[in-house]
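Heads up, the thing below is written out as structure tokens.
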Amino acid sequence: MSSVDFPVEKFRFGMLLSDTRYRSTSLQVITFIFFVAGVFWLVDNTVKNLALLDKDISFSFLWMRAGYDINQRLIPYTNDSTHATAALVGILNTLLVAFLGCIIATIVGVFVGILRLSKNWIISKLMSVYIEGFRNVPVLLWIVIVFALLTEFTPQPRAFKGEDPEASMILFDSIAITNRGTYLPSPQWGSGSIWLILVFLVSLLGIIIFLRYAKNIQKNTGRNLPVLWVSLGIFFVPTILFYFILGSPVTLEYPELKGFNFKDGIHIRNSLTALTLALSFYTSAFIGEIVRSGIMAISKGQTEAASALGLRPNKVMSLIVLPQALRVIVPPMISQYLNLTKNSSLAIAVGYMDVRGTLGGITLNQTGREMESMVLLMGFYLAISLLISSVINYFNRSFQLVGK
Amino acid sequence: MSKLAYVREREIPQSAPPITEVGIIKWLRENLFSSWLNSILTVLSLYFIFILLKDFIPWAYGAHWTTGSIRECYDVNPNVACFSVLTARWKQLLFGFYPPEEYWRPTLTFCLLILSIIPVLFPRFIRYFWFSLLYPGLAIWLLWGGSIWSVAIIYIGLGLGFLFFVIVSSGLIKSASVRLLAACLFTIIFFIFLANPLAEILSSLIPIYLPYVESLKFGGFTLSLIVGVTGIVASFPLGIVLALGRQSDLPLVKMICVGFIEFIRGVPLITLLFVASVLLNYFLPPGTNFDIVLRVIIMVTLFSAAYMAEVIRGGLAGLPVGQHEASAALGLTYWQSQRLIIMPQALKISIPGIVNTFIGLFKDTTLVSIISLMDPVGLASLIRADSKWNGIYWELYIAVGLMFFIVCYGMSKYSQYLETKLKTDN
């Protein structure tokens, strides 16, 4: 037997890049060097610049007196509160717009998406116009337009005055839409209202139990219970009954015109209304497209097979098409919610004080702490977006089609 | 006499279909009144359209176009549109505060833009692609002005670098990567040491100048187009690189790309623009102060590159793994297989997403109005603040909205055209 000597290749410098054994490591080392050098360069510049301006990095400004007013707030706040409280007020305002906007956008978007698939020519064309109109015009412009609509085309509070007023409140004199905002009746929680709330919660529980029960019956016997009517009954009847038994503990306080403005009731500023509506209409156009493509992604065979099994059209939709379409619809829809939340940072255009307006606006300008404010602001948005993307990932994992 | 059965020898002429099954009536029955629910919806939407048009048509039809201020509009007829504001200010909406005697420059730039994207959009004209490559420099020179050589020197440098590469390729250096490295090094050295003196010499020899226009004078639709088009052109390759980086086998590269993409996608563009306008000076060597429009362009580009990367990653993930394996089995290198096999297919799948990102980017250029650059939305508020036009809303918003709608809708229609054209399956 003879052994063959493999020629041992001598190490050459060029092999670092051309030889697959070394290439990956050497490429990464090069990347690492560049990356660290870049980061070092930025940090070094920042340190030098801060030294030049005689500044330091400190978050102590958060505990100083803010000294400015915020007209829209969900928690107690005065201009004596700290910058941290102001930031929190802003954060809550951002979350409020995001929450309301997501709900409205979903409802409108689902309607628009389904109606766009309608066989009715006019309806589907109208919905196309709606979708294309909102999608192809910047959201900032929509925010400004809706705000202008609300402030220019609504009556002034004093138009409600007098024996024969020019403007009148809608819905049984309970809601006043004025150019200073919308006034809603506010609920007054009297004694005993805690029991009413308890009854309401118990009836919600009752609905859940009933739905479980109906599902079981359907599974075991195939018999369908009238789910919708019974749930509606449980939802309304006990609460209304107890409302009268307890002697109307909850009353509504209606907004009333006193002097030149409305008093009492809940005051919703036009900036909030405009921002919420514009963001939700804009997002609803995208959601509409997502819903449409989700429904169209379900192959026709599914519908036909379901009909062949004898299911009626609404059952085909609710049992066959929608559950499958939801798998396609939900992830992009959640990322639209994220977009809506991020777009709410345009609140500045209508003077709504969200977190960018407080922490990243007035606080930043007053204290001159650009670096710290921006870091906190970006951290807040990043946290929200990471939270939402982990929700998407969770959804994808738990509802993935299990391939065989 | 035997009875004969009656036999018809000729076919009866076909009777006309029932009136409800032909023409417009059939169409109406099928599309508008197929069920009672549909009929109600049809009537409701017709009523809705009627209400909209009833107010809109007289408002727009009798509009004023030539009055001097909104007062005069109101004096003549307050119930119709006052488009005079557009007549008076359209130049500002298009060009911002660009010097009026130089309006031909942005106009020419825009016309050349259309010429230069034709070779990219329609493969029939690909032989004019050299013009598309030449265009960016030409546009920079036309818009900002100054000496032509300060822009031309970039092309000269790149051309010399390429020449250098060709020369060393002809046998001087064996290894391909070293050749590339040498050419890059040569180009960088050229730009650091030779570019400026050479440009000055050339300017003094052959002086071709345009008056310099500073960035703060830019505005209106010109600004939107500058930021939008530059962002689109620059974010596409950057997005591809980021997407490939995210798919890379090299953990470090992957980590950096994922970190970058997730960071950018996690924050609103407006905060990034604030970083550009407020914080960027901290990150750069003391004393640097570079152009605000350029800063905005960089931020917008980075922002949409991150989104682009995710879209392209979706396309890459949509490719069957067999494509990668087959191209590897054919002996193609990583870059060859990316260029010839993977990317063409991945990009094709992701066309709708890519174009949506472009549209989003173009719409997002309006956000620069919040850092007080004068894009059309910013100009609209500025014009409204003028006492002559105080109180005007719809006329301006309609004009600005239409401008954006036309561009964005055009892009989405083009993407649909491209999708059907590139469709290869049945």
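Residues in the structure tokens are named by chain (A, B, ... in the order shown) and by number from 1 within that chain; ligands are numbered from 1 in the order shown.
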Neighbour list for segment 20-27 of chain A as a PyMOL selection string, cut-off 12 Å, only C-alpha atoms, skip fewer than 4 positions in-chain: (chain A and resi 11-16+31-34) or (chain B and resi 177+248-253+333-334)
Selected residues written out, C-alpha atoms, as a JSON list (two decimals), in the first residue's frame:
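As a result, again.json now contains:
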[["chain", "number", "residue", "atom", "x", "y", "z"],
["A", 11, "PHE", "CA", -1.14, 29.66, 3.81],
["A", 12, "ARG", "CA", -1.33, 32.74, 1.67],
["A", 13, "PHE", "CA", -2.78, 36.06, 2.70],
["A", 14, "GLY", "CA", -5.32, 36.01, -0.14],
["A", 15, "MET", "CA", -6.80, 32.79, 1.23],
["A", 16, "LEU", "CA", -8.45, 34.79, 3.98],
["A", 31, "THR", "CA", -17.45, 43.91, 9.60],
["A", 32, "PHE", "CA", -16.83, 44.00, 13.32],
["A", 33, "ILE", "CA", -13.87, 46.34, 12.95],
["A", 34, "PHE", "CA", -15.88, 48.70, 10.75],
["B", 177, "SER", "CA", -11.10, 40.43, -4.64],
["B", 248, "SER", "CA", -26.87, 35.92, 5.89],
["B", 249, "ASP", "CA", -25.05, 32.97, 7.48],
["B", 250, "LEU", "CA", -22.67, 35.33, 9.20],
["B", 251, "PRO", "CA", -24.12, 35.88, 12.68],
["B", 252, "LEU", "CA", -22.51, 39.26, 13.20],
["B", 253, "VAL", "CA", -23.72, 40.69, 9.90],
["B", 333, "THR", "CA", -21.03, 31.53, -6.36],
["B", 334, "TYR", "CA", -23.11, 33.36, -3.76]]
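Using only C-alpha atoms, the residues found no farther than 7 Å from segment 205-219 of chain B, other than those of its own chain fewer than 6 positions away, are Phe95, Gly96, Phe97, Tyr98, Trp144, Gly145, Gly146, Ser147, Ile148, Asp291, Val293, Met374 and Asp375 of chain B.
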With only C-alpha atoms considered, list every residue of chain A at most 6 Å from chain B, as an MDAnalysis selection string. chainID A and resid 42 45:46 49 120:121 136:138 342 378 381:382 385
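In this comparison, which uses only C-alpha atoms, the residue of A:Thr283, A:Gln188, A:Ser193, A:Thr273 approaching Ile131 of chain A most closely is A:Thr283.
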Leaving out segment 248-257 of chain A and any residue of its chain fewer than 5 positions from it, which residues lie within 6 Å of it when counting only C-alpha atoms, given as a VMD selection string? chain A and resid 174 185 to 190 192 to 193 243 262 to 265
Generate a file of the selected residues that holds N, CA and C atoms, formatted as a PDB file, in the first residue's frame.
ATOM      1  N   SER A 174     -78.604  65.535  23.569  1.00  0.00           N
ATOM      2  CA  SER A 174     -77.574  65.061  24.492  1.00  0.00           C
ATOM      3  C   SER A 174     -76.172  65.356  23.981  1.00  0.00           C
ATOM      4  N   PRO A 185     -72.862  63.692  27.116  1.00  0.00           N
ATOM      5  CA  PRO A 185     -73.330  63.566  28.486  1.00  0.00           C
ATOM      6  C   PRO A 185     -72.379  62.682  29.286  1.00  0.00           C
ATOM      7  N   SER A 186     -72.158  63.037  30.543  1.00  0.00           N
ATOM      8  CA  SER A 186     -71.275  62.197  31.349  1.00  0.00           C
ATOM      9  C   SER A 186     -72.106  61.423  32.360  1.00  0.00           C
ATOM     10  N   PRO A 187     -71.803  60.154  32.581  1.00  0.00           N
ATOM     11  CA  PRO A 187     -72.557  59.360  33.555  1.00  0.00           C
ATOM     12  C   PRO A 187     -72.204  59.777  34.976  1.00  0.00           C
ATOM     13  N   GLN A 188     -73.222  59.867  35.814  1.00  0.00           N
ATOM     14  CA  GLN A 188     -73.006  60.157  37.234  1.00  0.00           C
ATOM     15  C   GLN A 188     -73.281  58.893  38.022  1.00  0.00           C
ATOM     16  N   TRP A 189     -72.247  58.420  38.710  1.00  0.00           N
ATOM     17  CA  TRP A 189     -72.397  57.142  39.417  1.00  0.00           C
ATOM     18  C   TRP A 189     -72.962  57.400  40.808  1.00  0.00           C
ATOM     19  N   GLY A 190     -74.283  57.121  40.986  1.00  0.00           N
ATOM     20  CA  GLY A 190     -74.917  57.302  42.278  1.00  0.00           C
ATOM     21  C   GLY A 190     -74.690  56.096  43.178  1.00  0.00           C
ATOM     22  N   GLY A 192     -75.276  52.625  44.780  1.00  0.00           N
ATOM     23  CA  GLY A 192     -75.902  51.425  44.239  1.00  0.00           C
ATOM     24  C   GLY A 192     -75.437  51.102  42.832  1.00  0.00           C
ATOM     25  N   SER A 193     -74.680  52.024  42.229  1.00  0.00           N
ATOM     26  CA  SER A 193     -74.269  51.726  40.855  1.00  0.00           C
ATOM     27  C   SER A 193     -73.258  50.594  40.819  1.00  0.00           C
ATOM     28  N   TYR A 243     -81.489  48.092  36.799  1.00  0.00           N
ATOM     29  CA  TYR A 243     -81.408  49.549  36.743  1.00  0.00           C
ATOM     30  C   TYR A 243     -82.660  50.157  37.359  1.00  0.00           C
ATOM     31  N   PHE A 262     -70.265  75.509  26.625  1.00  0.00           N
ATOM     32  CA  PHE A 262     -70.968  74.412  27.263  1.00  0.00           C
ATOM     33  C   PHE A 262     -70.269  74.035  28.553  1.00  0.00           C
ATOM     34  N   LYS A 263     -71.074  73.759  29.570  1.00  0.00           N
ATOM     35  CA  LYS A 263     -70.515  73.278  30.829  1.00  0.00           C
ATOM     36  C   LYS A 263     -71.033  71.876  31.059  1.00  0.00           C
ATOM     37  N   ASP A 264     -70.424  71.190  32.019  1.00  0.00           N
ATOM     38  CA  ASP A 264     -70.811  69.825  32.382  1.00  0.00           C
ATOM     39  C   ASP A 264     -70.628  68.885  31.188  1.00  0.00           C
ATOM     40  N   GLY A 265     -70.884  67.616  31.443  1.00  0.00           N
ATOM     41  CA  GLY A 265     -70.710  66.648  30.380  1.00  0.00           C
ATOM     42  C   GLY A 265     -69.242  66.408  30.093  1.00  0.00           C
TER      43      GLY A 265
END
Run DSSP on the backbone and give me the residues of segment 106-286 of chain B it puts in strand (DSSP E or B), as a compact mmCIF listing (two decimals) with N, CA and C atoms, in the first residue's frame.
# COMPACT_ATOMS: atom_id res chain seq x y z
N GLY B 146 -24.00 76.22 -8.92
CA GLY B 146 -22.57 76.17 -8.68
C GLY B 146 -21.86 75.75 -9.95
N SER B 147 -20.60 75.34 -9.78
CA SER B 147 -19.84 74.94 -10.96
C SER B 147 -20.21 73.53 -11.36
N TYR B 209 -21.09 77.82 -15.00
CA TYR B 209 -21.69 78.07 -13.70
C TYR B 209 -23.20 78.24 -13.80
N LEU B 210 -23.89 77.89 -12.71
CA LEU B 210 -25.27 78.31 -12.53
C LEU B 210 -25.30 79.01 -11.18
N GLY B 219 -38.69 74.17 -1.95
CA GLY B 219 -39.98 73.98 -1.31
C GLY B 219 -41.00 73.48 -2.30
List the spatial neighbours of Ala195 of chain B as a list in words - criterion: any atom at most 8 Å away, only C-alpha atoms, same-chain residues fewer than 4 positions off excluded. Ile153, Ile154, Gly157, Phe190, Phe191 and Ala199 of chain B
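The list of residues with at least one atom within 7 Å of Cys82 of chain B, based on only C-alpha atoms and without residues fewer than 5 positions apart in the same chain, reads B:Ala63, B:His64, B:Trp65, B:Ile70, B:Cys73, B:Glu395.
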Selected residues written out with C-alpha atoms, as a PDB file, in the first residue's frame:
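Contents of result26.pdb, as written:
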ATOM      1  CA  ALA B  63     -65.400  79.075  -9.026  1.00  0.00           C
ATOM      2  CA  HIS B  64     -63.432  82.305  -9.010  1.00  0.00           C
ATOM      3  CA  TRP B  65     -60.055  82.077 -10.655  1.00  0.00           C
ATOM      4  CA  ILE B  70     -60.465  85.863  -0.499  1.00  0.00           C
ATOM      5  CA  CYS B  73     -64.222  86.155  -3.683  1.00  0.00           C
ATOM      6  CA  GLU B 395     -59.123  74.879  -2.570  1.00  0.00           C
TER       7      GLU B 395
END
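Of the listed residues (B:Val300, B:Tyr307, B:Arg179, B:Arg384), B:Tyr307 comes nearest to Asn339 of chain A; the distances count only C-alpha atoms.
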With distances taken over only C-alpha atoms, which residue among B:Pro13, B:Gly245, B:Pro197, B:Gly318 lies nearest Ala306 of chain B? B:Gly245
As a PyMOL selection string, list the residues of segment 238-352 of chain A assigned to helix (DSSP H, G or I) by DSSP on the backbone atoms of this structure. chain A and resi 238-245+270-297+300-308+313-350
